[in-house]
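Colleague: Take a look at my_file.cif, mmCIF, C-alpha atoms (C1' of nucleotides):
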```cif
data_data
#
loop_
_atom_site.label_atom_id
_atom_site.label_comp_id
_atom_site.auth_asym_id
_atom_site.auth_seq_id
_atom_site.Cartn_x
_atom_site.Cartn_y
_atom_site.Cartn_z
CA MET Z 1272 14.10 63.17 -5.76
CA ARG Z 1273 16.13 61.81 -8.65
CA GLU Z 1274 18.06 59.00 -6.98
CA GLU Z 1275 17.74 55.50 -8.51
CA GLN Z 1276 17.76 57.14 -11.94
CA GLN Z 1277 20.64 56.32 -14.23
CA GLN Z 1278 22.61 59.39 -15.10
CA SER Z 1279 19.79 60.82 -17.18
CA ASP Z 1280 21.44 63.83 -18.75
CA VAL Z 1281 23.69 61.56 -20.81
CA PRO Z 1282 21.48 60.16 -23.60
CA ALA Z 1283 21.43 56.52 -22.44
CA ARG Z 1284 23.33 54.16 -24.77
CA ARG Z 1285 20.67 51.83 -26.12
CA ARG Z 1286 21.38 48.24 -27.02
CA GLU Z 1287 21.27 47.26 -30.64
CA PRO Z 1288 17.80 46.01 -31.61
CA ARG Z 1289 17.42 42.29 -31.12
CA ARG Z 1290 17.88 40.05 -34.15
CA ASP Z 1291 14.44 38.44 -33.83
CA ALA Z 1292 12.82 41.87 -33.75
CA LEU Z 1293 14.50 42.88 -37.01
CA ASP Z 1294 13.49 39.60 -38.64
CA ASN Z 1295 9.89 40.06 -37.60
CA ARG Z 1296 9.93 43.60 -38.91
CA ASP Z 1297 10.95 42.37 -42.36
CA ARG Z 1298 8.44 39.54 -42.32
CA VAL Z 1299 5.64 41.95 -41.44
CA LEU Z 1300 6.55 44.35 -44.24
CA ALA Z 1301 6.76 41.63 -46.87
CA ALA Z 1302 3.49 40.05 -45.78
CA ALA Z 1303 1.79 43.44 -45.68
CA ALA Z 1304 2.79 44.19 -49.27
CA VAL Z 1305 1.18 41.02 -50.58
CA ALA Z 1306 -1.87 41.36 -48.34
CA VAL Z 1307 -2.47 44.98 -49.35
CA ARG Z 1308 -2.20 44.14 -53.03
CA ARG Z 1309 -4.54 41.18 -52.54
CA GLU Z 1310 -7.26 42.75 -50.38
CA GLY Z 1311 -6.71 46.50 -50.60
CA THR Z 1312 -5.36 49.05 -48.15
CA ALA Z 1313 -8.15 48.30 -45.66
CA VAL Z 1314 -6.96 44.74 -45.14
CA PRO Z 1315 -7.33 43.86 -41.42
CA MET Z 1316 -4.12 44.17 -39.44
CA ALA Z 1317 -4.86 40.73 -37.99
CA THR Z 1318 -4.62 39.26 -41.50
CA ILE Z 1319 -1.23 40.82 -42.04
CA ALA Z 1320 -0.07 39.56 -38.64
CA ALA Z 1321 -1.28 36.03 -39.38
CA ASP Z 1322 0.35 36.03 -42.83
CA ALA Z 1323 3.62 37.17 -41.27
CA GLY Z 1324 3.33 34.57 -38.53
CA VAL Z 1325 3.36 37.06 -35.66
CA GLY Z 1326 0.84 38.53 -33.24
CA VAL Z 1327 -0.98 41.79 -33.88
CA GLY Z 1328 0.98 43.39 -31.08
CA THR Z 1329 4.17 42.90 -33.07
CA VAL Z 1330 2.69 44.60 -36.11
CA TYR Z 1331 1.62 47.63 -34.07
CA ARG Z 1332 4.94 47.76 -32.25
CA HIS Z 1333 6.88 48.21 -35.48
CA TYR Z 1334 4.24 50.27 -37.29
CA PRO Z 1335 2.09 52.15 -34.79
CA SER Z 1336 -0.68 52.89 -37.28
CA ARG Z 1337 -1.99 51.71 -40.60
CA GLU Z 1338 -0.71 54.92 -42.10
CA ALA Z 1339 2.81 54.25 -40.83
CA LEU Z 1340 2.70 50.76 -42.29
CA LEU Z 1341 1.49 51.95 -45.69
CA ASN Z 1342 4.16 54.65 -45.74
CA ALA Z 1343 6.83 52.05 -44.98
CA LEU Z 1344 5.46 49.86 -47.77
CA THR Z 1345 5.71 52.64 -50.30
CA HIS Z 1346 9.21 53.59 -49.21
CA ARG Z 1347 10.22 49.97 -49.58
CA SER Z 1348 8.68 49.86 -53.04
CA LEU Z 1349 10.51 52.99 -54.09
CA ARG Z 1350 13.78 51.45 -52.93
CA LEU Z 1351 13.02 48.34 -54.98
CA VAL Z 1352 12.38 50.48 -58.05
CA VAL Z 1353 15.59 52.46 -57.51
CA ALA Z 1354 17.54 49.20 -57.33
CA ALA Z 1355 15.86 47.90 -60.50
CA ALA Z 1356 16.66 51.08 -62.40
CA GLU Z 1357 20.31 51.01 -61.35
CA ARG Z 1358 20.66 47.36 -62.24
CA ALA Z 1359 19.08 48.08 -65.63
CA ALA Z 1360 21.42 51.01 -66.24
CA SER Z 1361 24.47 48.86 -65.56
CA HIS Z 1362 23.74 46.71 -68.61
CA ASP Z 1363 26.11 46.82 -71.58
CA GLY Z 1364 23.58 46.63 -74.43
CA PRO Z 1365 21.77 49.45 -76.21
CA GLY Z 1366 19.41 51.76 -74.32
CA ILE Z 1367 16.28 49.93 -75.30
CA GLU Z 1368 17.61 46.76 -73.66
CA CYS Z 1369 18.10 48.63 -70.38
CA VAL Z 1370 14.45 49.67 -70.52
CA ARG Z 1371 13.45 46.09 -71.21
CA SER Z 1372 15.47 44.95 -68.21
CA PHE Z 1373 13.83 47.57 -66.00
CA LEU Z 1374 10.33 46.56 -67.05
CA HIS Z 1375 11.08 42.85 -66.65
CA GLN Z 1376 12.34 43.48 -63.13
CA SER Z 1377 9.16 45.43 -62.36
CA ILE Z 1378 7.09 42.46 -63.46
CA GLU Z 1379 9.18 40.15 -61.29
CA HIS Z 1380 8.56 42.34 -58.24
CA GLY Z 1381 4.86 42.03 -58.94
CA THR Z 1382 2.72 42.30 -55.82
CA GLU Z 1383 5.70 43.38 -53.69
CA LEU Z 1384 5.19 46.88 -55.04
CA VAL Z 1385 2.74 49.19 -53.28
CA LEU Z 1386 2.90 52.52 -55.07
CA PRO Z 1387 0.33 55.32 -55.26
CA MET Z 1388 -1.09 53.66 -58.37
CA HIS Z 1389 -1.66 50.48 -56.35
CA GLY Z 1390 -3.50 52.32 -53.59
CA GLY Z 1391 -0.45 53.37 -51.58
CA PRO Z 1392 0.01 56.84 -50.08
CA ALA Z 1393 1.33 59.74 -52.16
CA LEU Z 1394 4.28 60.32 -49.80
CA PRO Z 1395 5.46 63.86 -50.37
CA ASP Z 1396 8.15 63.54 -47.67
CA GLU Z 1397 11.82 64.21 -48.18
CA GLU Z 1398 13.07 60.64 -48.41
CA ALA Z 1399 10.42 59.71 -50.97
CA LEU Z 1400 11.28 62.76 -53.04
CA ALA Z 1401 14.95 61.77 -52.99
CA LEU Z 1402 14.12 58.23 -54.10
CA ARG Z 1403 11.88 59.51 -56.87
CA ALA Z 1404 14.65 61.83 -58.02
CA ASP Z 1405 17.03 58.85 -58.09
CA ILE Z 1406 14.65 56.90 -60.28
CA ARG Z 1407 14.13 59.84 -62.61
CA ARG Z 1408 17.85 60.47 -62.94
CA THR Z 1409 18.75 56.87 -63.66
CA LEU Z 1410 15.97 56.32 -66.18
CA THR Z 1411 16.73 59.60 -67.92
CA SER Z 1412 20.35 58.54 -68.39
CA ILE Z 1413 19.13 55.27 -69.89
CA LEU Z 1414 16.84 57.11 -72.30
CA LYS Z 1415 19.67 59.46 -73.29
CA ARG Z 1416 21.87 56.50 -74.03
CA GLY Z 1417 19.11 54.93 -76.14
CA GLU Z 1418 18.61 58.15 -78.02
CA ARG Z 1419 22.33 58.33 -78.80
CA ASP Z 1420 22.56 54.73 -80.00
CA GLY Z 1421 19.35 55.12 -82.01
CA THR Z 1422 17.23 52.54 -80.17
CA ILE Z 1423 14.85 54.91 -78.36
CA ARG Z 1424 12.71 57.74 -79.73
CA SER Z 1425 13.87 61.15 -78.62
CA ASP Z 1426 10.60 62.33 -77.03
CA ALA Z 1427 10.42 59.56 -74.43
CA THR Z 1428 10.64 60.67 -70.80
CA SER Z 1429 11.41 58.92 -67.54
CA ALA Z 1430 7.81 59.51 -66.46
CA ASP Z 1431 6.62 57.39 -69.39
CA ILE Z 1432 8.71 54.46 -68.25
CA VAL Z 1433 7.82 54.79 -64.57
CA ILE Z 1434 4.11 54.93 -65.30
CA PHE Z 1435 4.14 52.03 -67.70
CA GLY Z 1436 6.19 50.04 -65.21
CA ALA Z 1437 3.61 50.65 -62.50
CA MET Z 1438 0.76 49.82 -64.91
CA ILE Z 1439 2.07 46.38 -65.82
CA THR Z 1440 2.50 45.42 -62.18
CA GLN Z 1441 -1.26 45.46 -61.75
CA PRO Z 1442 -1.89 41.75 -61.36
CA LEU Z 1443 -4.71 40.24 -63.39
CA PRO Z 1444 -6.14 37.81 -60.86
CA HIS Z 1445 -8.50 36.12 -63.28
CA ILE Z 1446 -5.78 35.45 -65.83
CA ALA Z 1447 -3.77 32.33 -65.16
CA ASN Z 1448 -0.40 33.44 -66.50
CA TRP Z 1449 -0.45 37.17 -66.02
CA LYS Z 1450 3.32 37.40 -66.23
CA THR Z 1451 3.18 36.22 -69.82
CA THR Z 1452 0.45 38.73 -70.54
CA ALA Z 1453 2.49 41.53 -68.99
CA LEU Z 1454 5.59 40.58 -70.97
CA ARG Z 1455 3.48 40.68 -74.13
CA GLN Z 1456 2.47 44.28 -73.39
CA VAL Z 1457 6.12 45.14 -72.84
CA VAL Z 1458 7.00 43.85 -76.30
CA ILE Z 1459 4.44 46.11 -77.95
CA TYR Z 1460 5.34 49.08 -75.77
CA LEU Z 1461 9.06 48.74 -76.50
CA ASP Z 1462 8.28 48.72 -80.21
CA GLY Z 1463 6.41 51.94 -79.59
CA LEU Z 1464 9.48 53.35 -77.88
CA SER Z 1465 11.66 52.71 -80.94
CA PRO Z 1466 12.33 55.71 -83.17
CA ARG Z 1467 9.63 56.24 -85.79
CA SER Z 1468 10.74 55.11 -89.22
CA MET R 649 -59.20 28.82 -45.90
CA ARG R 650 -58.11 30.65 -48.99
CA GLU R 651 -60.64 33.47 -49.12
CA GLU R 652 -59.27 37.05 -49.14
CA GLN R 653 -56.38 35.79 -51.27
CA GLN R 654 -56.16 37.09 -54.80
CA GLN R 655 -56.38 34.23 -57.28
CA SER R 656 -52.98 32.88 -56.33
CA ASP R 657 -52.47 30.21 -58.95
CA VAL R 658 -52.25 32.88 -61.65
CA PRO R 659 -48.76 34.46 -61.21
CA ALA R 660 -49.91 37.82 -59.91
CA ARG R 661 -49.39 40.68 -62.38
CA ARG R 662 -46.89 42.94 -60.67
CA ARG R 663 -46.86 46.66 -61.17
CA GLU R 664 -43.99 48.16 -63.06
CA PRO R 665 -41.22 49.25 -60.69
CA ARG R 666 -41.67 52.81 -59.53
CA ARG R 667 -39.69 55.49 -61.32
CA ASP R 668 -37.99 56.77 -58.16
CA ALA R 669 -36.84 53.25 -57.36
CA LEU R 670 -35.18 52.88 -60.75
CA ASP R 671 -33.53 56.28 -60.42
CA ASN R 672 -32.15 55.37 -57.02
CA ARG R 673 -30.87 52.09 -58.37
CA ASP R 674 -28.85 53.90 -61.02
CA ARG R 675 -27.57 56.48 -58.58
CA VAL R 676 -26.39 53.77 -56.22
CA LEU R 677 -24.55 51.89 -58.96
CA ALA R 678 -22.80 54.99 -60.26
CA ALA R 679 -21.81 56.14 -56.78
CA ALA R 680 -20.61 52.64 -55.90
CA ALA R 681 -18.31 52.53 -58.92
CA VAL R 682 -16.53 55.72 -57.95
CA ALA R 683 -16.42 54.81 -54.25
CA VAL R 684 -15.00 51.35 -54.93
CA ARG R 685 -12.31 52.76 -57.19
CA ARG R 686 -11.51 55.42 -54.60
CA GLU R 687 -11.46 53.32 -51.42
CA GLY R 688 -11.33 49.72 -52.55
CA THR R 689 -13.89 46.92 -52.58
CA ALA R 690 -14.22 47.05 -48.79
CA VAL R 691 -15.62 50.59 -48.85
CA PRO R 692 -18.42 50.87 -46.22
CA MET R 693 -21.90 50.51 -47.65
CA ALA R 694 -22.86 53.63 -45.67
CA THR R 695 -20.32 55.62 -47.71
CA ILE R 696 -21.84 54.43 -50.96
CA ALA R 697 -25.33 55.25 -49.68
CA ALA R 698 -24.27 58.74 -48.61
CA ASP R 699 -22.53 59.39 -51.95
CA ALA R 700 -25.65 58.30 -53.79
CA GLY R 701 -27.84 60.44 -51.54
CA VAL R 702 -29.96 57.54 -50.26
CA GLY R 703 -30.24 55.53 -47.05
CA VAL R 704 -28.38 52.27 -46.49
CA GLY R 705 -31.68 50.43 -46.63
CA THR R 706 -32.06 51.45 -50.25
CA VAL R 707 -28.63 50.11 -51.15
CA TYR R 708 -29.38 46.73 -49.56
CA ARG R 709 -32.83 46.59 -51.14
CA HIS R 710 -31.41 46.77 -54.65
CA TYR R 711 -28.23 44.83 -53.94
CA PRO R 712 -28.76 42.41 -51.06
CA SER R 713 -25.06 41.85 -50.44
CA ARG R 714 -21.72 43.43 -51.19
CA GLU R 715 -21.06 40.57 -53.59
CA ALA R 716 -24.25 41.32 -55.52
CA LEU R 717 -23.29 44.98 -55.75
CA LEU R 718 -19.77 44.22 -56.98
CA ASN R 719 -21.15 41.79 -59.55
CA ALA R 720 -23.55 44.43 -60.80
CA LEU R 721 -20.69 46.93 -61.02
CA THR R 722 -18.62 44.59 -63.14
CA HIS R 723 -21.55 43.76 -65.42
CA ARG R 724 -22.15 47.46 -65.87
CA SER R 725 -18.47 47.98 -66.69
CA LEU R 726 -18.52 45.21 -69.26
CA ARG R 727 -21.56 46.80 -70.90
CA LEU R 728 -19.72 50.13 -71.04
CA VAL R 729 -16.73 48.45 -72.68
CA VAL R 730 -18.98 46.67 -75.20
CA ALA R 731 -20.54 49.99 -76.13
CA ALA R 732 -17.13 51.64 -76.47
CA ALA R 733 -15.88 48.86 -78.74
CA GLU R 734 -18.93 49.03 -80.98
CA ARG R 735 -18.74 52.81 -81.21
CA ALA R 736 -15.05 52.50 -82.11
CA ALA R 737 -15.76 49.89 -84.76
CA SER R 738 -18.34 52.13 -86.43
CA HIS R 739 -15.65 54.68 -87.35
CA ASP R 740 -14.76 55.20 -90.99
CA GLY R 741 -10.98 55.64 -90.67
CA PRO R 742 -8.24 52.99 -90.73
CA GLY R 743 -8.13 50.24 -88.12
CA ILE R 744 -5.57 51.96 -85.93
CA GLU R 745 -7.92 54.93 -85.52
CA CYS R 746 -10.65 52.63 -84.23
CA VAL R 747 -8.25 51.33 -81.60
CA ARG R 748 -7.36 54.90 -80.68
CA SER R 749 -11.04 55.71 -80.29
CA PHE R 750 -11.58 52.66 -78.09
CA LEU R 751 -8.69 53.54 -75.80
CA HIS R 752 -9.75 57.19 -75.58
CA GLN R 753 -13.24 56.13 -74.57
CA SER R 754 -11.77 53.84 -71.91
CA ILE R 755 -9.87 56.78 -70.47
CA GLU R 756 -13.03 58.88 -70.49
CA HIS R 757 -14.89 56.21 -68.50
CA GLY R 758 -12.09 56.33 -65.96
CA THR R 759 -13.24 55.40 -62.47
CA GLU R 760 -16.64 54.25 -63.72
CA LEU R 761 -15.00 50.95 -64.66
CA VAL R 762 -14.73 48.23 -62.04
CA LEU R 763 -13.15 45.23 -63.75
CA PRO R 764 -11.24 42.31 -62.27
CA MET R 765 -8.05 44.31 -62.73
CA HIS R 766 -9.53 47.08 -60.59
CA GLY R 767 -10.45 44.68 -57.77
CA GLY R 768 -13.82 43.60 -59.15
CA PRO R 769 -15.03 39.98 -59.16
CA ALA R 770 -13.96 37.55 -61.90
CA LEU R 771 -17.59 36.86 -62.92
CA PRO R 772 -17.59 33.56 -64.76
CA ASP R 773 -21.37 33.65 -65.22
CA GLU R 774 -23.17 33.35 -68.51
CA GLU R 775 -24.01 37.00 -69.09
CA ALA R 776 -20.44 38.10 -68.38
CA LEU R 777 -19.09 35.49 -70.75
CA ALA R 778 -21.45 36.75 -73.47
CA LEU R 779 -20.32 40.34 -72.92
CA ARG R 780 -16.66 39.32 -73.00
CA ALA R 781 -17.28 37.44 -76.23
CA ASP R 782 -18.92 40.57 -77.67
CA ILE R 783 -15.87 42.64 -76.80
CA ARG R 784 -13.49 40.07 -78.23
CA ARG R 785 -15.46 39.78 -81.46
CA THR R 786 -15.71 43.52 -82.04
CA LEU R 787 -12.07 44.22 -81.26
CA THR R 788 -10.92 41.33 -83.41
CA SER R 789 -12.84 42.71 -86.38
CA ILE R 790 -11.16 46.08 -85.79
CA LEU R 791 -7.73 44.45 -85.70
CA LYS R 792 -8.50 42.50 -88.87
CA ARG R 793 -9.47 45.71 -90.59
CA GLY R 794 -6.26 47.37 -89.46
CA GLU R 795 -4.22 44.48 -90.67
CA ARG R 796 -5.88 44.69 -94.10
CA ASP R 797 -5.34 48.43 -94.44
CA GLY R 798 -1.77 48.12 -93.18
CA THR R 799 -2.09 50.22 -90.00
CA ILE R 800 -1.89 47.41 -87.41
CA ARG R 801 0.71 44.67 -86.98
CA SER R 802 -0.63 41.22 -87.74
CA ASP R 803 0.20 39.58 -84.42
CA ALA R 804 -1.93 41.91 -82.28
CA THR R 805 -4.86 40.27 -80.46
CA SER R 806 -8.03 41.53 -78.86
CA ALA R 807 -6.63 40.51 -75.46
CA ASP R 808 -3.76 42.96 -75.94
CA ILE R 809 -6.17 45.83 -76.46
CA VAL R 810 -8.50 44.87 -73.62
CA ILE R 811 -5.64 44.54 -71.14
CA PHE R 812 -3.99 47.78 -72.15
CA GLY R 813 -7.37 49.52 -71.97
CA ALA R 814 -7.87 48.29 -68.43
CA MET R 815 -4.31 49.26 -67.49
CA ILE R 816 -4.64 52.89 -68.52
CA THR R 817 -7.85 53.29 -66.54
CA GLN R 818 -5.89 52.91 -63.34
CA PRO R 819 -6.09 56.45 -62.04
CA LEU R 820 -2.88 58.05 -60.79
CA PRO R 821 -4.21 59.92 -57.76
CA HIS R 822 -0.99 61.81 -57.07
CA ILE R 823 -0.69 63.06 -60.63
CA ALA R 824 -2.70 66.18 -61.32
CA ASN R 825 -3.63 65.54 -64.94
CA TRP R 826 -3.68 61.81 -65.21
CA LYS R 827 -5.79 61.89 -68.36
CA THR R 828 -2.95 63.61 -70.19
CA THR R 829 -0.53 61.04 -68.86
CA ALA R 830 -2.76 58.20 -69.98
CA LEU R 831 -3.17 59.69 -73.45
CA ARG R 832 0.59 59.90 -73.70
CA GLN R 833 0.92 56.17 -73.01
CA VAL R 834 -1.67 55.53 -75.71
CA VAL R 835 0.43 57.39 -78.27
CA ILE R 836 3.46 55.22 -77.56
CA TYR R 837 1.42 52.02 -77.43
CA LEU R 838 -0.30 52.75 -80.75
CA ASP R 839 3.08 53.29 -82.35
CA GLY R 840 4.00 49.88 -80.99
CA LEU R 841 0.88 48.45 -82.63
CA SER R 842 1.91 49.73 -86.07
CA PRO R 843 3.51 47.17 -88.39
CA ARG R 844 7.27 46.87 -87.89
CA SER R 845 9.17 48.56 -90.67
"C1'" DC X 127 26.07 31.04 -17.46
"C1'" DC X 128 23.20 34.86 -15.58
"C1'" DA X 129 20.81 39.19 -15.13
"C1'" DT X 130 17.99 41.86 -17.54
"C1'" DA X 131 16.66 44.85 -21.44
"C1'" DT X 132 13.97 43.83 -25.09
"C1'" DC X 133 10.45 41.63 -27.38
"C1'" DC X 134 6.41 38.62 -28.03
"C1'" DG X 135 1.44 36.92 -28.29
"C1'" DG X 136 -3.05 37.50 -27.78
"C1'" DA X 137 -6.93 38.86 -24.50
"C1'" DC X 138 -9.89 42.66 -24.04
"C1'" DG X 139 -12.57 47.00 -23.94
"C1'" DA X 140 -13.62 50.54 -27.43
"C1'" DT X 141 -15.18 51.64 -31.86
"C1'" DA X 142 -16.85 50.83 -36.59
"C1'" DT X 143 -19.48 48.44 -39.91
"C1'" DC X 144 -23.06 45.18 -41.12
"C1'" DG X 145 -27.60 44.05 -42.60
"C1'" DT X 146 -32.52 44.03 -40.92
"C1'" DC X 147 -36.79 45.90 -40.02
"C1'" DC X 148 -40.68 48.95 -39.71
"C1'" DG X 149 -43.27 53.35 -39.39
"C1'" DG X 150 -44.03 56.75 -42.53
"C1'" DA X 151 -43.73 58.85 -47.32
"C1'" DT X 152 -44.68 58.65 -52.29
"C1'" DA X 153 -45.72 57.26 -57.00
"C1'" DT X 154 -49.12 54.79 -59.66
"C1'" DG X 155 -53.42 53.01 -61.70
"C1'" DG X 156 -57.98 53.74 -62.30
"C1'" DC K 1337 -58.54 62.58 -56.64
"C1'" DC K 1338 -58.03 58.29 -53.82
"C1'" DA K 1339 -56.61 53.79 -52.32
"C1'" DT K 1340 -52.82 51.27 -51.90
"C1'" DA K 1341 -48.71 48.82 -53.61
"C1'" DT K 1342 -44.27 50.15 -53.47
"C1'" DC K 1343 -40.50 52.38 -51.70
"C1'" DC K 1344 -37.74 55.12 -48.43
"C1'" DG K 1345 -34.64 56.46 -44.36
"C1'" DG K 1346 -32.28 55.46 -40.61
"C1'" DA K 1347 -32.42 53.31 -35.80
"C1'" DC K 1348 -30.74 49.26 -33.78
"C1'" DG K 1349 -28.88 44.74 -32.25
"C1'" DA K 1350 -25.19 41.70 -34.02
"C1'" DT K 1351 -20.64 41.15 -35.57
"C1'" DA K 1352 -15.96 42.54 -36.94
"C1'" DT K 1353 -11.93 45.20 -36.47
"C1'" DC K 1354 -9.04 48.34 -33.88
"C1'" DG K 1355 -5.22 49.34 -30.98
"C1'" DT K 1356 -3.56 48.79 -26.08
"C1'" DC K 1357 -1.55 46.51 -22.44
"C1'" DC K 1358 0.80 43.18 -19.63
"C1'" DG K 1359 2.46 38.60 -18.04
"C1'" DG K 1360 5.69 35.68 -19.79
"C1'" DA K 1361 9.48 34.38 -23.18
"C1'" DT K 1362 13.94 35.22 -25.33
"C1'" DA K 1363 18.20 37.24 -27.06
"C1'" DT K 1364 22.18 39.83 -25.58
"C1'" DG K 1365 26.25 41.59 -23.08
"C1'" DG K 1366 29.55 40.66 -19.86
#
```
How does the structure come out when it is put into structure tokens?

Modeller:
Amino acid sequence: MREEQQQSDVPARRREPRRDALDNRDRVLAAAAVAVRREGTAVPMATIAADAGVGVGTVYRHYPSREALLNALTHRSLRLVVAAAERAASHDGPGIECVRSFLHQSIEHGTELVLPMHGGPALPDEEALALRADIRRTLTSILKRGERDGTIRSDATSADIVIFGAMITQPLPHIANWKTTALRQVVIYLDGLSPRS
Amino acid sequence: MREEQQQSDVPARRREPRRDALDNRDRVLAAAAVAVRREGTAVPMATIAADAGVGVGTVYRHYPSREALLNALTHRSLRLVVAAAERAASHDGPGIECVRSFLHQSIEHGTELVLPMHGGPALPDEEALALRADIRRTLTSILKRGERDGTIRSDATSADIVIFGAMITQPLPHIANWKTTALRQVVIYLDGLSPRS
DNA sequence: CCATATCCGGACGATATCGTCCGGATATGG
DNA sequence: CCATATCCGGACGATATCGTCCGGATATGG
């Protein structure tokens, strides 16, 4: 009663995923980020599919539920923030310039980011915690450096930077050049981060 | 063929709206603000009705469409901001303390505010423009005062304050005490608003 | 090049939300 | 207190979105 089955006790070697499938997966995730930031987390899946140029079936195949999709979006955002923090930390200049770099990168990412503040899920899972820890560690080292070289006040914490970074990525749809506006807030905030005279 | 009609060429004197109707109207608007900030602008009308403790019919009677409701929410928010600015301006202390008061009041309003940054409509109508002008005027006078008494840098604009105020009213659902976090950002920002030494 | 595992699009039944409408309840003016 | 203008709740038909499923297309390994 088990003829015609492949040898089923050996976990069948699966092919690598097809290239087109991986491409579509990326396209869906990128389109979903923008769509969620534009229309909210209840944006119809059909809209995301259309924006990504695929059928709804493809969206559901890669992300079986809206929850799974939103979780993937937030993980992706956390990875983007980790990368931004590490790039900022690799700068040569004083600590405050690393912070500036981090905030500028956050602005550049713009509507690609879907974090809890933007309506994304809270994600208490292990991977998210690890990514958050990464961000905290890297930013803390930047702040320490700034404190040593006298460019950052000593009571600043990584949470301050993370929160402000998320705040300025709120797009201001009715303002034509919101990037300029965001950069302006960064200037003032960085002055606030300098040691008190 | 016009007997039994009241004299119809005189614009019929309407009764005042009933008290219960006005109460319901307010309850709906307040519940809608919180619901929209919690679930986005696509939140089901039935949810808003349930939160307000009324039937859906009552919501649609006062606000015939979702668009009308969102517009009313944003008008209400603008009125709240106007009031906050004027209360801040009536303080006796130096200019920077007026700004602090304004930002603290914004935090207190929290999820009552539904502005374009929070997903609300852009509202280019006449009343909204007048309210925005009010806000700009009042904040500008505060900044001027601060510049004169030496507590605020001279290049700060009312737009800076408005935008930052809207930014810190983004709630951070995954953070237990987001008010504390917001107040912390205000401290740093206000230091950034002080004149450079 | 061929066999086939993998993937795709989108139709379709199920479910959710919309916005109206009306029988009954209630506040108001006199 | 009474007549009635005003208002209310929620049922209901219309419409929108969900998530599955399968016939056909396509990339891959050999």

Colleague: Can you tell me how far CA of Arg1371 in chain Z sits from CA of Pro1392 in chain Z, in Å to one decimal?

Modeller: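 Result for CA of Arg1371 in chain Z versus CA of Pro1392 in chain Z: 27.3 Å, one decimal.
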
Colleague: List the neighbours of His739 in chain R out to 10 Å using only C-alpha atoms (C1' of nucleotides); skip same-chain residues closer than 6 positions along the sequence, and give me the result as a list of chain:residue names.

Modeller: R:Glu745, R:Cys746, R:Val747, R:Ser749, R:Ile790

Colleague: For the file shown, report as a compact mmCIF listing (two decimals) with C-alpha atoms, in the coordinates of the input the outcome of the PyMOL selection byres ((chain R) within 6 of (chain Z)) at residue level.

Modeller:
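File written: selection09.txt
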```
# COMPACT_ATOMS: atom_id res chain seq x y z
CA GLY R 688 -11.33 49.72 -52.55
CA MET R 765 -8.05 44.31 -62.73
CA ALA R 770 -13.96 37.55 -61.90
CA MET R 815 -4.31 49.26 -67.49
CA LEU R 820 -2.88 58.05 -60.79
CA HIS R 822 -0.99 61.81 -57.07
CA ILE R 836 3.46 55.22 -77.56
CA TYR R 837 1.42 52.02 -77.43
CA ASP R 839 3.08 53.29 -82.35
CA GLY R 840 4.00 49.88 -80.99
```

Colleague: Kindly determine which residues of chain X lie within 8 Å of chain R, considering only C-alpha atoms (C1' of nucleotides), and give the answer as a VMD selection string.

Modeller: chain X and resid 143 145 153 to 154

Colleague: Given 3 Å on each side, where is the centre and what are the edge lengths in Å to one decimal of the axis-aligned box enclosing the listed atoms of range 134-146 of chain X, as JSON?

Modeller:
```
{"center_x": -13.1, "center_y": 44.3, "center_z": -33.3, "size_x": 44.9, "size_y": 20.7, "size_z": 24.7}
```

Colleague: Just so the selection is clear, what residues does the PyMOL selection byres ((chain X and resi 152) around 9) cover here, as JSON, numbers by chain?

Modeller: {"X": [151, 153], "K": [1342, 1343, 1344]}

Colleague: Up to 12 Å from (10.4, 60.4, -50.9) in the file's coordinates: name the residues, counting only C-alpha atoms (C1' of nucleotides), as a ChimeraX atom specification.

Modeller: /Z:1342-1343,1345-1350,1353,1386,1392-1406

Colleague: If you measure from C1' of DC1338 in chain K to CA of Thr706 in chain R, what distance in Å do you get, rounded to one decimal?

Modeller: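 These atoms are spaced 27.1 Å apart.
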
Colleague: Measure the distance from CA of Ala681 in chain R to CA of Leu787 in chain R in Å and round it to one decimal.

Modeller: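 We find that CA of Ala681 in chain R and CA of Leu787 in chain R lie 24.6 Å from each other.
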
Colleague: Any chance you could work out the residue set of the PyMOL selection byres ((chain K and resi 1337) around 12) here, as a ChimeraX atom specification?

Modeller: /X:155-156 /K:1338-1339

Colleague: Just C-alpha atoms (C1' of nucleotides) for this one: save the residues we selected as an mmCIF file, keeping the file's coordinate frame.

Modeller:
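Contents of the output file again_17.cif:
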```cif
data_model
loop_
_atom_site.group_PDB
_atom_site.id
_atom_site.type_symbol
_atom_site.label_atom_id
_atom_site.label_comp_id
_atom_site.auth_asym_id
_atom_site.auth_seq_id
_atom_site.Cartn_x
_atom_site.Cartn_y
_atom_site.Cartn_z
ATOM 1 C "C1'" DG X 155 -53.420 53.010 -61.700
ATOM 2 C "C1'" DG X 156 -57.980 53.740 -62.300
ATOM 3 C "C1'" DC K 1338 -58.030 58.290 -53.820
ATOM 4 C "C1'" DA K 1339 -56.610 53.790 -52.320
#
```

Colleague: For Val1305 in chain Z, please output as a list in words all residues within 9 Å (counting only C-alpha atoms (C1' of nucleotides); exclusion window: fewer than 2 positions along the same chain).

Modeller: Leu1300, Ala1301, Ala1302, Ala1303, Val1307, Arg1308, Arg1309, Glu1310, Ile1319, Thr1382, Glu1383, Leu1384 and Val1385 of chain Z

Colleague: Please identify all polymer residues within 10 Å of DG1349 in chain K, counting all atoms listed in the file, omitting same-chain residues fewer than 2 positions from it, and present them as a list in words.

Modeller: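 Everything that qualifies: DT146 of chain X; DA1347 and DT1351 of chain K.
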